[in-house]
Amino acid sequence: MSTDDTTDTAAASSTESKCGTSSTDTSSESDCGAASDSSSASNCGASASDGEKEVGATVEDFEGDPGRLLAVGLGPGEPEGMTARAKAALADAEHIVGYTTYIDLLPDDITDDADDIYSTPMCGEVSRTEEAIDRALAGNDVAIVGSGDPNVYALAGLALEILESKGGTASAVDFEVVPGVPAAQSCGARLGAPLVNDTVSVSLSDHLTPMEDIESRLHAVAGEGFTIAIYNPWSRKRRENFQRCCEILLEHRDPETPVGIVHGASREDEATRITDLGTLPELGEEDIVDMTTTIVVGNEETYVWDGRMVTPRGYETKYDY
Ligand SMILES: C[S@@+](CC[C@H](N)C(=O)[O-])C[C@H]1O[C@@H](n2cnc3c(N)ncnc32)[C@H](O)[C@@H]1O
């Protein structure tokens, strides 16, 4: 197994490509030579620098038949939380590409069996996804991995967008999304049964969505009484977003509304707490609320019973029990 990091990739010249790009590829940053946005790997500020870069290689730069590209969801973290389909897909993959933290979550037998592992730190999403695509276009069977599900604030859409911008097609690389258990569901399970009725997810990350849009979405969903799963609730750069989110929720909901906080579901540092909305603003600076936390805000029917959050489905309105 080899585990690269972004800092290592500058050493790979196009002639040393592991993935067989043609010699027209001149990038010095990628094993496949396509990534052009190294700056994004070290900084995920809101400048959208990733998005403004052009893709490196296009389909014309690759010779031979393409391999496969799978976007694989790992679930919350522990190997037991992966689906059998995800495990099989990773066992079959020749190259596995992902954010370093997620690569570290993979069982050793999977990483040991892969021909190559390509990992980069947080915020290199575009370059990492492009790397995965280039490796597939060059004939390798590639899995790009992420936590939870590839369709939930993750890379499945980005992979298709970049593939299209390179002049490729999803069919040519036999693109497939292998679903995983999303954080809302993993965290909901830890809290009891808080998601049993209509639920909406909101991400507080303003890296790609302006904060004013996030605020209007929060007003809309809090006002409509959904259970809310809050992703990306806090980071050092996002302290104010968390506080603004709490203010908006408190404009629409009773301070006694149950709130469940799950940090690192299924990971070694897992922590769970059930509190109420009035207390939530005070918890922004506590360890339990960070970038690996999902917060579940109950609806007006949600209650706490025996240490569990319960959101009734509505059976009680039709049945006696
Ligand atoms: C970029 S999103 C990725 C979501 C992922 N694709 C999913 O389906 O869960 C990252 C956010 O997911 C949530 N998250 C991911 N893994 C988690 C875990 N093990 N426990 C709690 N929240 C988690 C956190 O809110 C984190 O900020």
# chains A, B, ... in the order shown; residues from 1 in each chain; ligands from 1
$ residues_near_ligand --ligand "ligand 1" --cutoff "6 Å" --atoms "only C-alpha atoms and all ligand atoms" --output "list in words"
Pro76, Gly77, Ser147, Gly148, Asp149, Pro150, Val152, Tyr153, Ala154, Pro182, Ala183, Tyr231, Asn232, Val262, His263, Gly264, Ala265, Ser266, Met291, Thr292, Thr293 and Thr294 of chain A
$ select_by_dssp --residues "segment 84-293 of chain A" --states "strand (DSSP E)" --output "number ranges by chain"
A: 95-99, 116-120, 142-146, 176-178, 192-193, 199-203, 227-231, 258-263, 271-276, 293
$ residues_around --residues "Gly298 of chain A" --least-positions-apart "4" --cutoff "7 Å" --atoms "only C-alpha atoms" --output "compact mmCIF listing (two decimals) with N, CA and C atoms, in the first residue's frame"
# COMPACT_ATOMS: atom_id res chain seq x y z
N PRO A 194 -35.37 10.32 16.44
CA PRO A 194 -35.76 11.72 16.23
C PRO A 194 -36.17 12.06 14.80
N THR A 227 -38.29 18.28 11.36
CA THR A 227 -37.09 17.95 12.12
C THR A 227 -35.91 18.39 11.26
N ILE A 228 -34.88 18.95 11.87
CA ILE A 228 -33.76 19.49 11.08
C ILE A 228 -32.46 18.78 11.48
N THR A 257 -37.46 22.96 22.83
CA THR A 257 -37.42 21.95 21.76
C THR A 257 -36.21 21.04 21.96
N PRO A 258 -36.42 19.72 21.98
CA PRO A 258 -35.27 18.82 22.15
C PRO A 258 -34.26 18.92 21.00
N VAL A 259 -33.01 18.86 21.37
CA VAL A 259 -31.91 18.90 20.39
C VAL A 259 -30.94 17.77 20.73
N THR A 302 -41.58 16.53 18.96
CA THR A 302 -40.47 15.71 19.49
C THR A 302 -40.39 15.84 21.01
$ residues_around --residues "Leu90 of chain A" --least-positions-apart "6" --cutoff "8 Å" --atoms "only C-alpha atoms" --output "NGL selection string"
:A and (72 or 96 or 110 or 143)
$ atom_distance --atom1 "atom CA of Ile214 of chain A" --atom2 "atom CA of Met122 of chain A"
21.7 Å
$ closest_residue --among "A:Asp254, A:Glu286, A:Gly307, A:Gly75" --to "Gly223 of chain A" --atoms "only C-alpha atoms"
A:Asp254
$ atom_distance --atom1 "atom CA of Thr272 of chain A" --atom2 "atom CA of Arg190 of chain A"
7.4 Å
$ closest_residue --among "A:Glu125, A:Asp65, A:Ser216, A:Asp198" --to "Arg313 of chain A" --atoms "only C-alpha atoms"
A:Asp198
$ closest_residue --among "A:Arg68, A:His252, A:Lys87, A:His95" --to "Ala220 of chain A" --atoms "only C-alpha atoms"
A:His252
$ select_by_dssp --residues "segment 30-185 of chain A" --states "alpha helix (DSSP H)" --output "ChimeraX atom specification"
/A:38-42,49-52,84-92,100-105,108-113,125-137,156-165,183-185
$ closest_residue --among "A:Cys245, A:Leu191, A:Ala271, A:Val202" --to "Asp306 of chain A" --atoms "only C-alpha atoms"
A:Leu191
$ closest_residue --among "A:Glu130, A:Glu60, A:Glu176, A:Glu301" --to "Leu195 of chain A" --atoms "only C-alpha atoms"
A:Glu301
$ closest_residue --among "A:Val145, A:Val126, A:Leu249, A:Val55" --to "Tyr99 of chain A" --atoms "only C-alpha atoms"
A:Val145
$ atom_distance --atom1 "atom CA of Phe62 of chain A" --atom2 "atom CA of Thr129 of chain A"
16.8 Å
$ residues_around --residues "Gly168 of chain A" --least-positions-apart "5" --cutoff "10 Å" --atoms "only C-alpha atoms" --output "count of residues only"
10
$ decode --residues "segment 190-223 of chain A" --atoms "C-alpha atoms" --output "compact mmCIF listing (two decimals), in the first residue's frame"
# COMPACT_ATOMS: atom_id res chain seq x y z
CA ARG A 190 -27.58 7.19 18.48
CA LEU A 191 -30.25 9.62 19.72
CA GLY A 192 -33.22 7.27 19.62
CA ALA A 193 -35.89 7.99 17.03
CA PRO A 194 -35.76 11.72 16.23
CA LEU A 195 -36.08 11.52 12.42
CA VAL A 196 -39.25 9.48 12.11
CA ASN A 197 -41.26 12.27 10.49
CA ASP A 198 -40.43 14.81 7.75
CA THR A 199 -36.80 15.84 8.09
CA VAL A 200 -34.67 18.38 6.22
CA SER A 201 -30.87 18.66 6.23
CA VAL A 202 -29.12 22.02 6.30
CA SER A 203 -25.37 22.51 6.03
CA LEU A 204 -23.89 25.54 7.79
CA SER A 205 -20.80 25.49 5.57
CA ASP A 206 -20.58 28.78 3.69
CA HIS A 207 -17.64 27.56 1.63
CA LEU A 208 -19.89 27.00 -1.39
CA THR A 209 -23.24 28.51 -0.30
CA PRO A 210 -23.51 32.17 0.78
CA MET A 211 -24.53 32.57 4.42
CA GLU A 212 -27.57 34.64 3.48
CA ASP A 213 -28.91 31.67 1.50
CA ILE A 214 -28.25 29.35 4.43
CA GLU A 215 -30.11 31.77 6.69
CA SER A 216 -33.16 31.85 4.41
CA ARG A 217 -33.20 28.06 4.22
CA LEU A 218 -33.05 27.85 8.01
CA HIS A 219 -35.96 30.28 8.32
CA ALA A 220 -37.95 28.24 5.81
CA VAL A 221 -37.41 24.83 7.38
CA ALA A 222 -37.62 26.01 11.00
CA GLY A 223 -40.85 27.85 10.19
